[in-house]
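J.: First the structure, then my questions, so here it is.
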Amino acid sequence: MKKFLAVAATVCAAIMLSAGGVGVSSAAPIPQVSTTGNDFGMFGDHSFCRGSVRVTLDAPEKTRGIVRVTVRSHGFTGEGASWKRNPKCRIKFASIYTRARAYYAYKWNTVSFGPRRGETKTWDVHTGSGLVGFTVSAYSANSPVAVPQSYGYGGYLLVS
């Protein structure tokens with residue numbers, strides 16, 4: 001009886017694994033430990049514009065060593081007539097990573113967000129595989145010097 005139950009359990013497990021393993025691969029969340037959280041606020045380039053974003057990280061399908069950064073706006077606002085003429089807030093983001101092959105390597109992206117919630121911007125960062133210290137920070141968009149506005153997202157990732 002014990003052998004029969006063992007064989008039946010093995011057959012059931014094999015069927016479940018083979019049926020559950022069928023599907024199309026897509027972007028998957030990266031295993032991560034965040035030290036600062038995923039939401040943070042920032043200032044823009046004109047009319048005292050300000051807002052906040054949520055950062056999510058995942059791995060594109062069928063690629064190795066790439067982190068896909070998606071920044072989703074919670075909505076931006078500004079003041080005065082210049083904001084009414086141009087309701088877009090321009091922000092410079094830095095994706096910073098540290099690993100065995102790079103120490104504080106930067107990838108810069110300038111994006112614009114308006115008052116509508118849910119706007120997204122996405123970019124890829126080639127970090128390489130392995131354990132990566134990763135940060136996404138906001139910097140002043142209209143300054144010749146990189147002036148940080150907030151620490152932003154920070155964490156450790158396991159990139160495949």
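Residue numbers start at 1 in each chain; chains themselves are named A, B, ... in the order of the structure tokens; ligands are numbered from 1 in the order shown.
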How close does range 33-74 of chain A get to range 119-142 of chain A? List, as a tab-separated table, each residue of range 33-74 of chain A within 9 Å, its nearest atom pair and the distance in Å to one decimal, counting only C-alpha atoms.
T.:
residue	atom	partner	partner_atom	distance
A:Phe40	CA	A:Ser137	CA	8.9
A:Gly41	CA	A:Ala138	CA	8.5
A:Met42	CA	A:Ala138	CA	6.5
A:Phe43	CA	A:Ser140	CA	7.7
A:Gly44	CA	A:Ala141	CA	6.9
A:Asp45	CA	A:Ala141	CA	5.8
A:His46	CA	A:Asn142	CA	8.8
A:Val55	CA	A:Val136	CA	7.9
A:Pro60	CA	A:Asp124	CA	8.7
A:Arg64	CA	A:Ser129	CA	6.6
A:Gly65	CA	A:Gly128	CA	3.8
A:Ile66	CA	A:His126	CA	4.6
A:Val67	CA	A:Val125	CA	5.2
A:Arg68	CA	A:Asp124	CA	4.4
A:Val69	CA	A:Trp123	CA	5.4
A:Thr70	CA	A:Thr122	CA	4.4
A:Val71	CA	A:Lys121	CA	5.4
A:Arg72	CA	A:Thr120	CA	4.4
A:Ser73	CA	A:Glu119	CA	5.3
A:His74	CA	A:Glu119	CA	8.0
J.: From the DSSP assignment of the backbone, select every residue of range 23-85 of chain A that is alpha helix (DSSP H), and format the answer as a PyMOL selection string.
T.: chain A and resi 80-85
J.: Can you build me a table of range 28-63 of chain A residues sitting at most 9 Å from range 80-87 of chain A, with the closest atom pair per residue and its distance in Å to one decimal, using only C-alpha atoms, sorted by chain and residue number, as a Markdown table?
T.:
| residue | atom | partner | partner_atom | distance |
| --- | --- | --- | --- | --- |
| A:His46 | CA | A:Trp83 | CA | 7.7 |
| A:Ser47 | CA | A:Trp83 | CA | 5.7 |
| A:Phe48 | CA | A:Trp83 | CA | 8.6 |
| A:Cys49 | CA | A:Trp83 | CA | 7.8 |
J.: One decimal, Å: what's the distance from CA of Leu57 in chain A over to CA of Gln32 in chain A, could you say?
T.: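 Between these atoms lies a distance of 8.9 Å.
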J.: Between CA of Arg50 in chain A and CA of Arg116 in chain A, what is the spacing in Å?
T.: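 Those two atoms sit 12.8 Å apart.
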J.: Figure out the distance between CA of Gly118 in chain A and CA of Ser52 in chain A, please, to one decimal in Å.
T.: 10.9 Å
J.: Apply DSSP to the backbone of this structure and, from chain A, keep only the residues in strand (DSSP E); write these as a PyMOL selection string.
T.: chain A and resi 28-29+32-34+39-43+50-59+66-77+89-99+102-113+120-126+130-139+148-159
J.: Mind checking which residues fall within 8 Å of Ala28 in chain A, counting only C-alpha atoms, ignoring those fewer than 2 positions away in the same chain, and posting them as a PDB file with C-alpha atoms, in the first residue's frame?
T.:
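See out.pdb below for the written result:
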ATOM      1  CA  SER A  26       7.186  37.337 -19.977  1.00  0.00           C
ATOM      2  CA  ILE A  30      13.423  40.633  -9.983  1.00  0.00           C
ATOM      3  CA  ASP A  58      11.634  43.536 -13.645  1.00  0.00           C
ATOM      4  CA  ALA A  59      13.608  41.356 -16.041  1.00  0.00           C
ATOM      5  CA  PRO A  60      12.757  41.350 -19.758  1.00  0.00           C
ATOM      6  CA  GLU A  61      12.008  37.910 -21.152  1.00  0.00           C
TER       7      GLU A  61
END
J.: At a cut-off of 10 Å, using only C-alpha atoms, what residues contact Thr35 in chain A? Leave out same-chain residues fewer than 6 positions from it and give the result as a list in words.
T.: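 Answer for this query is Thr135, Tyr153, Gly154, Gly155 and Tyr156 of chain A.
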J.: With C-alpha atoms retained, could you export that selection as a PDB file, in the first residue's frame?
T.:
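Contents of selection-v9.pdb, freshly written:
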ATOM      1  CA  THR A 135      19.412  53.045  -6.995  1.00  0.00           C
ATOM      2  CA  TYR A 153      14.581  53.903  -4.719  1.00  0.00           C
ATOM      3  CA  GLY A 154      17.451  51.894  -3.286  1.00  0.00           C
ATOM      4  CA  GLY A 155      17.916  48.183  -2.910  1.00  0.00           C
ATOM      5  CA  TYR A 156      19.769  45.003  -3.720  1.00  0.00           C
TER       6      TYR A 156
END
